[in-house]
Every structure is written in structure tokens, then in C-alpha cells.
Amino acid sequence: MTTDSAADIAQGRTALGIELGSTRIKAVLIGPDHQPLAVGSHDWENQYVDRMWTYSLDAVREGLQQCYAALAADVQRRYGAELTTVGALGVSAMMHGYLAFDAAGELLTPFRTWRNTHTGAATERLSAEFGHNIPHRWSVAHLYQAILDGEEHVGRLAHLTTLAGYVHWQLTGEQVLGVGDASGMFPVDIATGGYDTTMLARFDELAAEAGTGLTLAGLLPGIKAAGEPAGQLTDAGAKLLDPTGRLQAGIPLCPPEGDAGTGMVATNSVAPRTGNVSAGTSIFAMVVLEQPLSRVHPELDLVTTPAGDLVAMVHCNNGASELNAWAGLFTEFAAALGAPSDPSTVFETLFTAALAGAPDCGGLMAYNYLSGEPITGLEEGRPLFLRSPGSRFDLATFMRTHLFAALATLRIGMDVLQKDEGVRLDAMFAHGGLFKTRGVAQKFLAAAIDTPVSVGDVAAEGGAWGIAVLAAYLRDRTPGQSLAGYLTDRVFEGAALQTEAPAPDDVAGFEAFIGRYRAGLAVEEAAARHL
């Protein structure tokens, strides 16, 4: 197998996916069978500067280079081969946000990520004018808020994109986006696959009313669907990824996508009545719809799959970060006791302990809000842990409480989709760091949404693997083969899945927990206001 893999690498029978996540940039190289051959990663963190969550473009470039170097070193270590080319390449990243450039390609204001929630006035006005929910983190909300705030840079704006679109532009010179990522910048017309022209015209009118002569269609990236060519790696792009000069130019690239789209690919949930949950710094669910929703819901975004099919998205700004903080504290405590443990062991121990906790969390309560949370109407967050004098206070229940808290906001959004809209799900897939300890968060998610939840080894590499598969789809698909068909017939055939059905006791326990969680949101709001 090693010899065959080395030949695949040398002859370019591979696909490379790179995803810029919130805490890690990851690269996955896959072979003709779509199995990972090598991986590389680079850790990074957002910064809170002038009350905005951001990453510098220097950090983007340095992170890409470190990540690619780690991948090339892994190829050398495993196969004794030098990585000089791949068969196809794709880039994915966190969706939404605001990257604004002038005509010379210079950044006009620091990158404003999806995590910022200062766009309330914009989202309220645009949602009302469009008759379409425009969440805080969408690029058009950031732009309109900048117009409302009279920001000087708006008059010099020539190009607006997402993080994936920016990296793709640097690698290829092409200012394009995959339709899934584009649908998180501005509403997409499912019938045409392009931006909604009626809403574009209304935005221009609103901009003119505010004294700004913008034509939004000229600022947004072009749109490409999965399987369409989106440019080639230029000499400058090759040097950006690999300053050593070993990587060759000319590699075809698939359309850049958002992490939501690559999550759908990585879990084979691009067909109607399927969905997936991705859990990391943020946590979100994507459900592919059979038909449009009956009305606008502020808790639900409407985006698309990478192939352009309609998706309802429940996006929660706060995911596993607070769990990670507590695990870090326990890791530090173990070391202080003279029994140091690696973080993965600590996580597994704590998560496994949660299985023995009180089904309804025994009166304990937690809020994992490090930042604002639009679904629950909070502009800022403060992590909280609460208990009453009579609460059951043990490690198992404590950990179950924090795991339930990580899923609680998602449950609130899913209630709108499942109960108010009556959307039915045949299967929900889960991936991300929260689900690495098998049978714990997966079991609790099944209880939270009262739906069977599956995990699988194939998706273990997450969105980076998903964008690598999209790159392979560009290169290998047969004429007329849909993305759903390619995934089912070529990628996931025979894939082993572990499925957890919702347990009645856990469902009842989460129901009791979420009632207390909703009631306690006033405490969280007060904490943000006073602390």
C-alpha cells in the first residue's frame, strides 16, 4: 500500500484540501479512494482588537505555509516522497464575515469574522426589507452596518469576499466563491444559482438612501457550483503555499467553500431530509430542505449545499470553547497532583464520566457564551456555571451539564425547524472535536433533537477532508454525475457508521434541562450587562 500510495503522490493521483478553521488550519491529502494519505496542521487563534474578533492576513499567510509544510513533512515521513504536485486542490474556511479590499487589493479594515455581533441595526433593516433572514455574521450585514455607521472605507470599497474566497484569490487570481459560501454573504436565488437580483437592487437603493453610491453586484465574488472549474494555482500561489519552491503551479482548483458546505460533504448530507451537526468553536446544524420554509425565522439561515440546494442552517456562535477551558483546568490540576495527563486522555475521561450524570443535570446549569449569541438575543456573552444549594454536585453531573450547555442553543434553533416548520429528518450526522469521544456528545445530541445521530471514521478529518473530496469531484466526476450521487457511489459506499438512537430518559432529561436553560437566560443577560 505504501508503494502504491507513493506512486499516487508522485503522479498526482491525489486531491488536497485545506480548511482554515477557527482554531486550526488543516490540510488533508487524499488518494484515489478518497482515504487520507497525509495530514498537516497549524494552530491559531482569533484576536479581540478594538471590540472586534479578527485574524490578521499575515497570520493567514503564515498559517497556510506552516500547515502546508507540516503536510509535506508528513508525506516525506510516511512515503519517502517529495510533494511537488497534486491532482486537484480546494480551499475552505469559516463562512461569513467581512474582508473588504480597495481597487489595488489592499485590505481596508481588519478582517471582521463571523463571531462579531455588532450588526444588529443592519440585520433588522435588511431582514425586513428583503423578507429574508439576514443574520449578524453575514457579509452583507457587515457591509450595511459599515454604511450605517458612516465608516470612511466604504467609499473606497472595490471587492468583498470571505476568508476562503480571499485565500482562493491569492492562489489563483480568481475572485470567485462556491455557491454554499456565497449564500452566506448574500441571499442566493435557488432557481438561477446566482445572487437574488431583486434583493441586490433593493440593497443598492438602501445604500443610496444612506448616501453611498454602491452597486453591490460588482463587489461580490462570482459564484461557482461544485464540480465547476475555479482556476489554477499560479506561480505566486504556489510560492505562497510553499516558499521552498517545490510545489508546481498549474494545479486545478475547485470552487472555495465555507466550513458548513465541507461539513455537509464530509458527512454525506447533501440530499434532502439529511443533515449534519458540526461542533467546534461554534456549533451549527445544516438540514437540506425538501421545500422552502413557510415564513422567515430569525433563528434560521437559508444557505445552500455546495451543489446549490436549499439548506436551513442553525448557527450558534458558542460551541466547545468553554468545555475546552474546563478540560484545561482539569489537566492543570492533574499535573499539580503529580499525575500529568495528555489533553486527549483528560477529555475522554471527563466526557465518559458525563454518561453517569443525572439525566436532567440535577439542578446544575451552565452557559457557554464567550461571545454574543443571536439565537437567544444576546449581544455579548459571559461563561457561567450556576447551582442551587440542593443541586446534585458531582463530576459526572457537572460534565453532563457543560455538554448539555454546548448543545442547548442548537436545540432552541432546531425546535423552530422541527416543531414550528415540521421539517422531517431521516438522518443526522455529527462531526467535529466534540464527538471524538464516541457515544457521549453523540448520545446527548440525539436526545437534544430527538433524532438518531451517526458518526463515522471517514469524516474524522472533518472539513479539510470535505474540501479535498470536492477537489476530487472536480477532477473525477463523470458527465452529469451529481454531487450526492458521487458521494454515495464513490466516497461513502461501504462506510461504517455508528448510530445512536435517542434514549427516552435522556430525551426527558434534556427537555427538563432546556426549560431551565431558557428561564435562566435572564441571568446570562444580566451577567453580560454588569460584569
# chains A, B, ... in the order shown; residues from 1 in each chain; ligands from 1
>>> residues_around(residues="Phe111 of chain A", least_positions_apart="5", cutoff="10 Å", atoms="only C-alpha atoms", output="ChimeraX atom specification")
/A:52-57,97-100,162-163
>>> write_last_selection(atoms="N, CA and C atoms", output="compact mmCIF listing (two decimals), in the first residue's frame")
# COMPACT_ATOMS: atom_id res chain seq x y z
N MET A 52 -13.51 43.93 18.23
CA MET A 52 -13.81 43.11 17.06
C MET A 52 -12.97 41.84 17.09
N TRP A 53 -13.60 40.71 16.76
CA TRP A 53 -12.87 39.45 16.60
C TRP A 53 -12.25 39.43 15.21
N THR A 54 -10.94 39.14 15.15
CA THR A 54 -10.24 39.24 13.89
C THR A 54 -9.07 38.26 13.83
N TYR A 55 -8.58 38.03 12.63
CA TYR A 55 -7.29 37.38 12.35
C TYR A 55 -6.56 38.30 11.38
N SER A 56 -5.26 38.45 11.54
CA SER A 56 -4.51 39.27 10.59
C SER A 56 -4.24 38.47 9.32
N LEU A 57 -4.09 39.17 8.20
CA LEU A 57 -3.76 38.48 6.95
C LEU A 57 -2.35 37.90 7.01
N GLY A 97 -18.55 36.83 7.62
CA GLY A 97 -17.54 37.83 7.95
C GLY A 97 -17.36 38.87 6.86
N TYR A 98 -16.32 39.65 7.01
CA TYR A 98 -16.15 40.85 6.19
C TYR A 98 -14.68 41.06 5.88
N LEU A 99 -14.31 40.84 4.62
CA LEU A 99 -12.98 41.15 4.11
C LEU A 99 -13.17 42.11 2.95
N ALA A 100 -12.81 43.36 3.16
CA ALA A 100 -13.09 44.43 2.21
C ALA A 100 -11.77 44.96 1.65
N THR A 162 -15.05 36.41 1.44
CA THR A 162 -14.91 35.66 2.68
C THR A 162 -13.46 35.20 2.82
N LEU A 163 -13.15 34.54 3.93
CA LEU A 163 -11.79 34.06 4.13
C LEU A 163 -11.40 33.03 3.08
>>> residues_around(residues="segment 315-328 of chain A", least_positions_apart="3", cutoff="8 Å", atoms="only C-alpha atoms", output="PyMOL selection string")
chain A and resi 115+279-285+300-301+331-332+343+346-347+350+368-375+383+402-403+406-407+409-410+434
>>> select_by_dssp(residues="segment 168-351 of chain A", states="strand (DSSP E)", output="PyMOL selection string")
chain A and resi 176-178+222-224+257-258+274-279+283-288+301-304+310-316
>>> closest_residue(among="A:Leu364, A:Ala495, A:Pro340, A:Gly422", to="Thr401 of chain A", atoms="only C-alpha atoms")
A:Leu364
>>> residues_around(residues="segment 125-140 of chain A", least_positions_apart="6", cutoff="6 Å", atoms="only C-alpha atoms", output="list in words")
His96, Gly97, Tyr98, Trp114, Thr117, Thr119, Gly184, Met185, Phe186, Val296 and Pro298 of chain A
>>> closest_residue(among="A:Leu220, A:Arg490, A:Cys361, A:Ala522", to="Asp33 of chain A", atoms="only C-alpha atoms")
A:Arg490
>>> atom_distance(atom1="atom CA of Glu421 of chain A", atom2="atom CA of Ser294 of chain A")
7.0 Å
>>> residues_around(residues="Gly218 of chain A", least_positions_apart="4", cutoff="12 Å", atoms="only C-alpha atoms", output="PyMOL selection string")
chain A and resi 103+157-161+175+195+200-201+204+213-214+222
